[in-house]
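Asker: model_17.cif is reproduced in full below (mmCIF, C-alpha atoms).
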data_structure
loop_
_atom_site.label_atom_id
_atom_site.label_comp_id
_atom_site.auth_asym_id
_atom_site.auth_seq_id
_atom_site.Cartn_x
_atom_site.Cartn_y
_atom_site.Cartn_z
CA MET A 688 -28.71 -129.15 246.30
CA LEU A 689 -26.48 -126.11 245.87
CA PRO A 690 -27.59 -123.03 247.82
CA THR A 691 -29.76 -120.63 245.88
CA GLY A 692 -27.86 -117.72 244.38
CA THR A 693 -28.11 -115.33 241.47
CA PRO A 694 -26.63 -115.34 237.98
CA PRO A 695 -23.46 -113.22 237.79
CA ASP A 696 -23.72 -109.59 236.76
CA ARG A 697 -21.69 -109.52 233.56
CA ALA A 698 -20.11 -106.22 234.61
CA TRP A 699 -18.30 -108.18 237.33
CA VAL A 700 -16.67 -110.64 234.91
CA ASP A 701 -13.16 -110.20 233.44
CA VAL A 702 -12.27 -112.42 230.49
CA ALA A 703 -8.84 -113.13 229.02
CA VAL A 704 -7.94 -115.21 225.97
CA PRO A 705 -4.54 -116.44 224.71
CA GLY A 706 -2.81 -114.97 221.70
CA PRO A 707 -2.61 -116.85 218.38
CA SER A 708 0.85 -118.24 219.19
CA VAL A 709 -0.34 -119.98 222.38
CA ARG A 710 -2.40 -122.78 220.90
CA LEU A 711 -2.59 -126.58 220.74
CA PRO A 712 -4.61 -128.54 218.16
CA GLY A 713 -8.10 -129.32 219.46
CA VAL A 714 -7.60 -127.15 222.56
CA SER A 715 -9.10 -123.75 223.38
CA MET A 716 -8.66 -121.75 226.59
CA ALA A 717 -10.09 -118.74 228.37
CA GLY A 718 -9.45 -117.20 231.77
CA PHE A 719 -12.21 -115.82 233.97
CA ARG A 720 -12.05 -113.53 236.98
CA HIS A 721 -15.31 -112.94 238.80
CA ARG A 722 -15.54 -110.14 241.36
CA ALA A 723 -19.11 -110.40 242.63
CA PRO A 724 -19.44 -109.84 246.39
CA ALA A 725 -22.18 -112.47 246.81
CA LEU A 726 -23.01 -116.08 246.05
CA VAL A 727 -23.12 -116.90 242.35
CA ASP A 728 -25.10 -119.94 241.15
CA ILE A 729 -25.31 -120.58 237.40
CA ALA A 730 -26.32 -123.38 235.07
CA MET A 731 -23.49 -124.64 232.88
CA VAL A 732 -24.46 -125.62 229.33
CA ALA A 733 -23.30 -128.82 227.64
CA TYR A 734 -20.71 -128.24 224.91
CA PRO A 735 -19.23 -130.71 222.39
CA SER A 736 -15.96 -130.94 224.27
CA VAL A 737 -14.47 -132.35 227.43
CA THR A 738 -13.96 -129.35 229.70
CA LEU A 739 -11.13 -128.90 232.18
CA LEU A 740 -11.89 -126.27 234.81
CA VAL A 741 -8.86 -125.28 236.90
CA ASP A 742 -10.04 -123.41 239.99
CA LEU A 743 -7.51 -120.70 240.87
CA SER A 744 -9.61 -119.09 243.58
CA GLU A 745 -8.43 -118.61 247.13
CA GLY A 746 -10.44 -120.28 249.88
CA GLU A 747 -13.08 -122.93 249.32
CA GLY A 748 -13.43 -122.43 245.57
CA VAL A 749 -16.29 -123.43 243.26
CA VAL A 750 -18.74 -126.28 243.87
CA TYR A 751 -20.20 -128.23 240.94
CA GLU A 752 -23.38 -130.29 241.17
CA THR A 753 -24.78 -132.81 238.70
CA HIS A 754 -26.92 -135.92 239.19
CA GLY A 755 -26.92 -135.23 242.95
CA ARG A 756 -23.13 -135.44 243.12
CA HIS A 757 -20.91 -132.57 244.29
CA GLU A 758 -17.31 -131.77 243.38
CA ARG A 759 -15.26 -128.85 244.64
CA GLY A 760 -12.28 -127.13 243.05
CA SER A 761 -10.65 -128.17 239.78
CA VAL A 762 -12.69 -130.67 237.76
CA VAL A 763 -12.96 -132.47 234.44
CA VAL A 764 -16.42 -132.23 232.90
CA GLY A 765 -17.06 -135.09 230.49
CA LEU A 766 -19.34 -135.01 227.48
CA LEU A 767 -23.07 -134.97 228.27
CA PRO A 768 -22.91 -133.79 231.90
CA GLY A 769 -26.68 -133.23 232.04
CA ASP A 770 -28.12 -130.64 234.44
CA LEU A 771 -24.90 -129.11 235.75
CA ARG A 772 -24.61 -126.12 238.08
CA ALA A 773 -21.66 -124.20 239.49
CA ALA A 774 -21.73 -122.07 242.62
CA GLY A 775 -19.19 -120.06 244.59
CA TRP A 776 -18.91 -117.18 247.04
CA GLY A 777 -17.36 -113.84 246.20
CA ALA A 778 -14.35 -113.25 243.99
CA GLY A 779 -12.75 -116.12 242.13
CA GLN A 780 -10.61 -117.09 239.16
CA CYS A 781 -10.84 -120.05 236.82
CA LEU A 782 -8.97 -121.31 233.76
CA GLN A 783 -11.37 -123.10 231.43
CA ILE A 784 -9.87 -125.45 228.84
CA ARG A 785 -12.08 -126.98 226.16
CA LEU A 786 -10.77 -130.20 224.65
CA GLU A 787 -12.27 -131.61 221.49
CA PRO A 788 -13.03 -135.30 222.17
CA VAL A 789 -10.09 -136.41 219.99
CA ALA A 790 -7.70 -134.20 222.00
CA ALA A 791 -9.31 -135.30 225.28
CA ALA A 792 -8.71 -138.95 224.39
CA ALA A 793 -5.05 -138.18 223.75
CA LEU A 794 -4.82 -136.34 227.07
CA PHE A 795 -6.85 -138.58 229.38
CA GLY A 796 -7.05 -141.84 227.44
CA ALA A 797 -10.32 -143.33 226.20
CA SER A 798 -12.94 -141.01 227.67
CA THR A 799 -15.75 -143.52 228.16
CA GLU A 800 -15.54 -143.23 231.94
CA LEU A 801 -15.68 -139.42 231.80
CA SER A 802 -18.87 -139.17 229.75
CA GLY A 803 -21.84 -137.87 231.69
CA THR A 804 -19.76 -137.11 234.77
CA VAL A 805 -17.89 -134.40 236.62
CA VAL A 806 -14.68 -135.74 238.16
CA ALA A 807 -12.19 -134.02 240.44
CA LEU A 808 -8.98 -133.30 238.51
CA LYS A 809 -6.93 -134.95 241.27
CA GLU A 810 -8.76 -138.23 240.59
CA VAL A 811 -7.49 -138.10 237.01
CA TRP A 812 -4.02 -136.58 237.42
CA GLY A 813 -3.23 -137.45 241.03
CA ARG A 814 -0.59 -135.22 242.66
CA ASP A 815 0.16 -133.62 239.29
CA ALA A 816 -3.19 -131.80 239.59
CA GLU A 817 -2.02 -129.92 242.70
CA ARG A 818 1.33 -129.11 241.10
CA ALA A 819 -0.43 -127.75 238.01
CA GLU A 820 -2.72 -125.60 240.16
CA ASP A 821 0.25 -124.22 242.12
CA ARG A 822 2.12 -123.26 238.92
CA LEU A 823 -0.92 -121.58 237.42
CA ARG A 824 -1.87 -119.78 240.63
CA ALA A 825 1.66 -118.39 241.05
CA ALA A 826 1.75 -116.93 237.51
CA ALA A 827 1.87 -113.13 237.29
CA SER A 828 -0.55 -112.76 234.35
CA TRP A 829 -3.08 -114.65 232.25
CA ASP A 830 -0.59 -114.69 229.38
CA GLU A 831 1.84 -116.57 231.62
CA ARG A 832 -0.91 -118.91 232.74
CA PHE A 833 -1.85 -119.77 229.16
CA THR A 834 1.81 -120.53 228.37
CA ILE A 835 2.07 -122.76 231.45
CA ALA A 836 -1.17 -124.54 230.52
CA VAL A 837 0.10 -125.26 227.01
CA ASP A 838 3.30 -126.69 228.50
CA ILE A 839 1.38 -128.91 230.94
CA LEU A 840 -1.04 -130.17 228.30
CA GLY A 841 1.66 -130.58 225.65
CA ARG A 842 3.66 -132.88 227.91
CA ARG A 843 0.60 -135.08 228.42
CA LEU A 844 -0.87 -135.19 224.94
CA GLY A 845 1.48 -137.96 223.83
CA ALA A 846 0.91 -140.12 226.89
CA HIS A 847 -1.92 -142.16 225.32
CA PRO A 848 -2.38 -143.84 221.92
CA PRO A 849 -3.90 -141.50 219.32
CA VAL A 850 -7.50 -141.89 218.23
CA ASP A 851 -8.02 -143.96 215.09
CA PRO A 852 -7.85 -141.54 212.11
CA ARG A 853 -11.23 -142.76 210.87
CA VAL A 854 -12.83 -142.03 214.24
CA ALA A 855 -11.21 -138.58 214.21
CA TYR A 856 -12.56 -138.02 210.69
CA ALA A 857 -16.06 -139.08 211.75
CA TRP A 858 -15.95 -136.60 214.63
CA ARG A 859 -14.82 -133.75 212.35
CA ARG A 860 -17.61 -134.53 209.88
CA THR A 861 -20.13 -134.52 212.71
CA LEU A 862 -18.87 -131.13 213.85
CA THR A 863 -18.68 -129.47 210.44
CA SER A 864 -22.14 -130.74 209.49
CA ARG A 865 -23.53 -129.29 212.75
CA GLY A 866 -24.79 -132.71 213.71
CA ARG A 867 -26.83 -133.28 210.56
CA VAL A 868 -24.82 -136.15 209.08
CA ARG A 869 -26.34 -139.64 209.15
CA VAL A 870 -24.46 -142.45 210.89
CA ASP A 871 -24.91 -144.75 207.88
CA GLY A 872 -23.34 -142.08 205.69
CA LEU A 873 -20.41 -141.68 208.08
CA ALA A 874 -19.82 -145.43 208.10
CA ASP A 875 -19.76 -145.47 204.30
CA GLU A 876 -17.31 -142.57 204.20
CA VAL A 877 -14.79 -144.27 206.50
CA GLY A 878 -15.29 -147.74 204.96
CA TRP A 879 -16.70 -149.40 208.08
CA SER A 880 -19.97 -151.05 208.91
CA ARG A 881 -22.39 -149.04 211.03
CA LYS A 882 -21.78 -151.43 213.94
CA ARG A 883 -18.00 -151.10 213.74
CA LEU A 884 -18.15 -147.31 213.57
CA TRP A 885 -20.50 -147.25 216.57
CA SER A 886 -18.16 -149.52 218.58
CA ARG A 887 -14.89 -147.74 217.73
CA PHE A 888 -16.35 -144.25 218.11
CA ARG A 889 -17.84 -145.00 221.51
CA SER A 890 -14.81 -146.83 222.90
CA GLN A 891 -12.42 -144.04 221.92
CA LEU A 892 -14.50 -140.89 222.38
CA GLY A 893 -16.91 -142.04 225.07
CA ILE A 894 -20.07 -141.30 223.09
CA THR A 895 -21.96 -142.97 220.24
CA PRO A 896 -21.98 -141.32 216.79
CA LYS A 897 -25.71 -140.64 217.04
CA ARG A 898 -25.42 -139.08 220.49
CA ALA A 899 -22.48 -136.99 219.29
CA ALA A 900 -24.58 -135.68 216.41
CA ARG A 901 -27.38 -134.77 218.82
CA LEU A 902 -24.93 -132.91 221.09
CA VAL A 903 -23.41 -130.94 218.21
CA ARG A 904 -26.86 -130.09 216.86
CA PHE A 905 -27.97 -128.96 220.32
CA ASP A 906 -24.89 -126.73 220.61
CA HIS A 907 -25.70 -125.04 217.31
CA ALA A 908 -29.31 -124.53 218.40
CA ALA A 909 -28.26 -123.20 221.81
CA HIS A 910 -26.11 -120.50 220.29
CA LEU A 911 -28.85 -119.48 217.87
CA LEU A 912 -31.21 -119.13 220.84
CA ALA A 913 -28.61 -117.08 222.72
CA ALA A 914 -28.26 -114.82 219.67
CA GLY A 915 -31.96 -113.96 219.96
CA HIS A 916 -33.53 -116.16 217.27
CA ALA A 917 -37.06 -117.42 217.86
CA ALA A 918 -37.44 -121.05 218.89
CA ALA A 919 -39.44 -121.94 215.78
CA HIS A 920 -36.69 -120.56 213.53
CA VAL A 921 -33.99 -122.32 215.54
CA ALA A 922 -35.80 -125.64 215.30
CA ALA A 923 -36.02 -125.39 211.51
CA GLU A 924 -32.47 -124.07 211.08
CA SER A 925 -30.97 -126.80 213.29
CA GLY A 926 -32.78 -129.73 211.70
CA TYR A 927 -35.33 -130.53 214.38
CA VAL A 928 -38.70 -131.94 213.37
CA ASP A 929 -40.55 -129.11 215.09
CA GLN A 930 -40.42 -126.75 218.06
CA SER A 931 -41.51 -129.49 220.48
CA HIS A 932 -38.57 -131.63 219.34
CA LEU A 933 -36.22 -128.71 220.06
CA HIS A 934 -37.79 -128.27 223.50
CA ARG A 935 -37.23 -131.94 224.37
CA GLU A 936 -33.60 -131.89 223.25
CA VAL A 937 -32.83 -128.68 225.15
CA THR A 938 -34.37 -130.18 228.28
CA THR A 939 -32.35 -133.38 227.80
CA PHE A 940 -28.98 -131.68 227.35
CA ALA A 941 -29.34 -128.64 229.60
CA GLY A 942 -32.20 -129.27 232.01
CA LEU A 943 -33.64 -125.91 230.88
CA THR A 944 -36.39 -124.63 228.62
CA PRO A 945 -35.36 -122.93 225.34
CA THR A 946 -36.37 -119.58 226.87
CA ALA A 947 -34.13 -120.09 229.89
CA LEU A 948 -31.30 -121.41 227.76
CA ALA A 949 -31.40 -118.29 225.57
CA VAL A 950 -30.29 -116.12 228.51
CA ALA A 951 -27.86 -118.57 230.11
CA PRO A 952 -24.73 -116.67 231.27
CA TRP A 953 -22.59 -119.65 230.28
CA LEU A 954 -23.53 -119.14 226.63
CA ALA A 955 -23.35 -115.35 226.78
CA VAL A 956 -19.61 -115.45 227.44
CA ASP A 957 -18.76 -117.65 224.47
CA ASP A 958 -18.46 -114.91 221.85
CA VAL A 959 -15.96 -113.09 224.06
CA ALA A 960 -13.97 -116.01 225.41
CA TRP A 961 -13.90 -117.95 222.12
CA PRO A 962 -14.12 -115.23 219.44
CA ALA A 963 -13.02 -117.56 216.64
CA SER A 964 -16.53 -119.02 216.69
CA SER A 965 -18.01 -115.58 216.11
CA PRO A 966 -16.24 -113.38 213.52
CA THR A 967 -18.11 -110.30 214.73
CA GLN A 968 -16.40 -110.43 218.11
CA ARG A 969 -12.87 -109.35 218.95
CA PRO A 970 -10.55 -111.07 221.47
CA ALA A 971 -10.51 -109.60 224.96
CA LYS A 972 -7.17 -108.20 226.08
CA ASP A 973 -5.40 -109.69 229.08
CA GLY A 974 -7.20 -108.50 232.20
CA GLU A 975 -9.79 -106.50 230.28
CA ARG A 976 -13.17 -106.14 231.96
CA ILE A 977 -16.07 -106.89 229.62
CA PRO A 978 -18.97 -104.63 230.70
CA ASP A 979 -21.64 -106.54 228.77
CA LEU A 980 -21.04 -109.96 227.29
CA ARG A 981 -24.06 -110.00 224.99
#
Output the file's structure as structure tokens, nothing else.

Answerer:
Amino acid sequence: MLPTGTPPDRAWVDVAVPGPSVRLPGVSMAGFRHRAPALVDIAMVAYPSVTLLVDLSEGEGVVYETHGRHERGSVVVGLLPGDLRAAGWGAGQCLQIRLEPVAAAALFGASTELSGTVVALKEVWGRDAERAEDRLRAAASWDERFTIAVDILGRRLGAHPPVDPRVAYAWRRTLTSRGRVRVDGLADEVGWSRKRLWSRFRSQLGITPKRAARLVRFDHAAHLLAAGHAAAHVAAESGYVDQSHLHREVTTFAGLTPTALAVAPWLAVDDVAWPASSPTQRPAKDGERIPDLR
């Protein structure tokens, strides 16, 4: 197990986001600088993306634990990581890159092997992982780091065959419906049988259509909880049968209760780091310290 620590004081967290011109389709980025003088140990919350975490800290860096397995430094977090925790000592910096499953497939290839796991970036990119870390660490600002990251990712996005357009469409429909689209309906929309959609979707995105819908629905519910809505309201709004159903799904995807999930630091930063998902929030300026993230 990871050593016991405390959630980070949000006053110790700096957040930076790229400008509108530094973007790639299906890719979102944010930079974090944490200046706490003690051990930080937080639960990471599943998100409907493959997440690339580039550790730019000096020293030993961050340790990630899931399913009894530990990884240190830069990692790729696949879909459905389960009960995932991150811990590190003192000050540190990290570039977090969220990749929609369609973009992740183009970047890493079919993501079946990444689902439910946390893998060291060097296992996926080999020596290129160290070179990428060195370039990013040497950058003088977050703006420069975002530009470098776009260059690195852009060079790799064409390295694998693109996802079938009908699979990409099925994913977008799942996302825009907030996980409340039926698999039979998706199959009808793309002109496939349910079995064929299930097979193609899983082989290319690493997750079944039904599981994808559950993950997207959970994400919507998690953010409603973090915004302060009561569990009963969240269950009804997100399409769960009842509050007990919500509780079971939250436990499955996050290893937490709805009450604990509502105050998870990992969710609290979303409106600042990814303001496009919340029109009431403004982007943080490069190097700006956010005194209270919620």

Asker: For Tyr751 in chain A, which residue out of A:Val702, A:Met716, A:Ala773, A:Val764 is the nearest one, using all atoms listed in the file?

Answerer: A:Ala773

Asker: Can you work out the spacing between CA of Leu840 in chain A and CA of Glu810 in chain A in Å, to one decimal?

Answerer: 16.6 Å

Asker: With 4 Å added on each side, what axis-aligned box encloses every listed atom of range 697-714 of chain A? Give the centre and edge lengths in Å to one decimal, as JSON.

Answerer:
{"center_x": -10.4, "center_y": -117.8, "center_z": 227.7, "size_x": 30.5, "size_y": 31.1, "size_z": 27.2}

Asker: Decode the PyMOL selection byres ((chain A and resi 861) around 10) for the given file into explicit residues and return them as a ChimeraX atom specification.

Answerer: /A:855-860,862-870,873,896-897,899-904

Asker: In Å, with one decimal, what is the gap from CA of Ser925 in chain A to CA of Ala909 in chain A?

Answerer: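 Distance between the two atoms: 9.6 Å.
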
Asker: Rounded to one decimal in Å, what is the spacing between CA of Ala774 in chain A and CA of Phe719 in chain A?

Answerer: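 Straight-line distance from CA of Ala774 in chain A to CA of Phe719 in chain A works out to 14.3 Å.
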
Asker: All heavy atoms are needed for range 950-961 of chain A; please write them out as a PDB file, in the coordinates of the input.

Answerer:
ATOM      1  N   VAL A 950     -30.911-117.154 227.675  1.00  0.00           N
ATOM      2  CA  VAL A 950     -30.290-116.120 228.510  1.00  0.00           C
ATOM      3  C   VAL A 950     -29.267-116.699 229.470  1.00  0.00           C
ATOM      4  O   VAL A 950     -28.855-116.038 230.423  1.00  0.00           O
ATOM      5  CB  VAL A 950     -31.359-115.328 229.291  1.00  0.00           C
ATOM      6  CG1 VAL A 950     -32.268-114.564 228.342  1.00  0.00           C
ATOM      7  CG2 VAL A 950     -32.192-116.255 230.183  1.00  0.00           C
ATOM      8  N   ALA A 951     -28.825-117.931 229.223  1.00  0.00           N
ATOM      9  CA  ALA A 951     -27.860-118.570 230.110  1.00  0.00           C
ATOM     10  C   ALA A 951     -26.534-117.813 230.086  1.00  0.00           C
ATOM     11  O   ALA A 951     -25.944-117.627 229.015  1.00  0.00           O
ATOM     12  CB  ALA A 951     -27.635-120.021 229.694  1.00  0.00           C
ATOM     13  N   PRO A 952     -26.009-117.385 231.235  1.00  0.00           N
ATOM     14  CA  PRO A 952     -24.730-116.670 231.270  1.00  0.00           C
ATOM     15  C   PRO A 952     -23.589-117.476 230.661  1.00  0.00           C
ATOM     16  O   PRO A 952     -22.662-116.922 230.084  1.00  0.00           O
ATOM     17  CB  PRO A 952     -24.503-116.418 232.765  1.00  0.00           C
ATOM     18  CG  PRO A 952     -25.864-116.449 233.366  1.00  0.00           C
ATOM     19  CD  PRO A 952     -26.616-117.472 232.574  1.00  0.00           C
ATOM     20  N   TRP A 953     -23.667-118.806 230.799  1.00  0.00           N
ATOM     21  CA  TRP A 953     -22.590-119.650 230.280  1.00  0.00           C
ATOM     22  C   TRP A 953     -22.461-119.532 228.768  1.00  0.00           C
ATOM     23  O   TRP A 953     -21.366-119.603 228.221  1.00  0.00           O
ATOM     24  CB  TRP A 953     -22.856-121.109 230.668  1.00  0.00           C
ATOM     25  CG  TRP A 953     -21.602-121.925 230.756  1.00  0.00           C
ATOM     26  CD1 TRP A 953     -21.166-122.881 229.884  1.00  0.00           C
ATOM     27  CD2 TRP A 953     -20.619-121.861 231.773  1.00  0.00           C
ATOM     28  NE1 TRP A 953     -19.973-123.414 230.292  1.00  0.00           N
ATOM     29  CE2 TRP A 953     -19.615-122.799 231.459  1.00  0.00           C
ATOM     30  CE3 TRP A 953     -20.472-121.089 232.934  1.00  0.00           C
ATOM     31  CZ2 TRP A 953     -18.483-122.995 232.249  1.00  0.00           C
ATOM     32  CZ3 TRP A 953     -19.352-121.281 233.723  1.00  0.00           C
ATOM     33  CH2 TRP A 953     -18.383-122.222 233.384  1.00  0.00           C
ATOM     34  N   LEU A 954     -23.574-119.341 228.072  1.00  0.00           N
ATOM     35  CA  LEU A 954     -23.530-119.140 226.630  1.00  0.00           C
ATOM     36  C   LEU A 954     -23.151-117.702 226.278  1.00  0.00           C
ATOM     37  O   LEU A 954     -22.470-117.451 225.278  1.00  0.00           O
ATOM     38  CB  LEU A 954     -24.897-119.452 226.006  1.00  0.00           C
ATOM     39  CG  LEU A 954     -25.281-120.914 225.872  1.00  0.00           C
ATOM     40  CD1 LEU A 954     -26.690-121.024 225.297  1.00  0.00           C
ATOM     41  CD2 LEU A 954     -24.308-121.662 224.984  1.00  0.00           C
ATOM     42  N   ALA A 955     -23.584-116.755 227.084  1.00  0.00           N
ATOM     43  CA  ALA A 955     -23.350-115.350 226.780  1.00  0.00           C
ATOM     44  C   ALA A 955     -21.867-115.021 226.700  1.00  0.00           C
ATOM     45  O   ALA A 955     -21.462-114.117 225.976  1.00  0.00           O
ATOM     46  CB  ALA A 955     -24.026-114.469 227.831  1.00  0.00           C
ATOM     47  N   VAL A 956     -21.027-115.754 227.422  1.00  0.00           N
ATOM     48  CA  VAL A 956     -19.610-115.450 227.440  1.00  0.00           C
ATOM     49  C   VAL A 956     -18.862-116.023 226.244  1.00  0.00           C
ATOM     50  O   VAL A 956     -17.737-115.626 225.942  1.00  0.00           O
ATOM     51  CB  VAL A 956     -18.978-115.968 228.760  1.00  0.00           C
ATOM     52  CG1 VAL A 956     -18.764-117.475 228.695  1.00  0.00           C
ATOM     53  CG2 VAL A 956     -17.656-115.266 229.060  1.00  0.00           C
ATOM     54  N   ASP A 957     -19.474-116.934 225.520  1.00  0.00           N
ATOM     55  CA  ASP A 957     -18.760-117.650 224.470  1.00  0.00           C
ATOM     56  C   ASP A 957     -18.175-116.744 223.387  1.00  0.00           C
ATOM     57  O   ASP A 957     -17.050-116.950 222.938  1.00  0.00           O
ATOM     58  CB  ASP A 957     -19.671-118.695 223.812  1.00  0.00           C
ATOM     59  CG  ASP A 957     -19.691-120.004 224.573  1.00  0.00           C
ATOM     60  OD1 ASP A 957     -19.297-119.988 225.760  1.00  0.00           O
ATOM     61  OD2 ASP A 957     -20.083-121.023 223.996  1.00  0.00           O
ATOM     62  N   ASP A 958     -18.941-115.770 222.925  1.00  0.00           N
ATOM     63  CA  ASP A 958     -18.460-114.910 221.850  1.00  0.00           C
ATOM     64  C   ASP A 958     -17.273-114.064 222.258  1.00  0.00           C
ATOM     65  O   ASP A 958     -16.524-113.574 221.416  1.00  0.00           O
ATOM     66  CB  ASP A 958     -19.584-114.010 221.345  1.00  0.00           C
ATOM     67  CG  ASP A 958     -20.609-114.770 220.516  1.00  0.00           C
ATOM     68  OD1 ASP A 958     -20.323-115.909 220.135  1.00  0.00           O
ATOM     69  OD2 ASP A 958     -21.689-114.217 220.255  1.00  0.00           O
ATOM     70  N   VAL A 959     -17.102-113.850 223.565  1.00  0.00           N
ATOM     71  CA  VAL A 959     -15.960-113.090 224.060  1.00  0.00           C
ATOM     72  C   VAL A 959     -14.780-114.007 224.334  1.00  0.00           C
ATOM     73  O   VAL A 959     -13.658-113.744 223.926  1.00  0.00           O
ATOM     74  CB  VAL A 959     -16.345-112.318 225.344  1.00  0.00           C
ATOM     75  CG1 VAL A 959     -15.130-111.588 225.919  1.00  0.00           C
ATOM     76  CG2 VAL A 959     -17.456-111.341 225.049  1.00  0.00           C
ATOM     77  N   ALA A 960     -15.049-115.118 225.016  1.00  0.00           N
ATOM     78  CA  ALA A 960     -13.970-116.010 225.410  1.00  0.00           C
ATOM     79  C   ALA A 960     -13.442-116.842 224.243  1.00  0.00           C
ATOM     80  O   ALA A 960     -12.273-117.213 224.218  1.00  0.00           O
ATOM     81  CB  ALA A 960     -14.447-116.933 226.529  1.00  0.00           C
ATOM     82  N   TRP A 961     -14.308-117.149 223.276  1.00  0.00           N
ATOM     83  CA  TRP A 961     -13.900-117.950 222.120  1.00  0.00           C
ATOM     84  C   TRP A 961     -14.315-117.215 220.842  1.00  0.00           C
ATOM     85  O   TRP A 961     -15.214-117.644 220.111  1.00  0.00           O
ATOM     86  CB  TRP A 961     -14.534-119.341 222.194  1.00  0.00           C
ATOM     87  CG  TRP A 961     -13.918-120.135 223.296  1.00  0.00           C
ATOM     88  CD1 TRP A 961     -12.752-120.857 223.250  1.00  0.00           C
ATOM     89  CD2 TRP A 961     -14.401-120.250 224.641  1.00  0.00           C
ATOM     90  NE1 TRP A 961     -12.481-121.409 224.476  1.00  0.00           N
ATOM     91  CE2 TRP A 961     -13.473-121.056 225.352  1.00  0.00           C
ATOM     92  CE3 TRP A 961     -15.515-119.753 225.302  1.00  0.00           C
ATOM     93  CZ2 TRP A 961     -13.633-121.376 226.687  1.00  0.00           C
ATOM     94  CZ3 TRP A 961     -15.667-120.054 226.633  1.00  0.00           C
ATOM     95  CH2 TRP A 961     -14.735-120.864 227.312  1.00  0.00           C
TER      96      TRP A 961
END
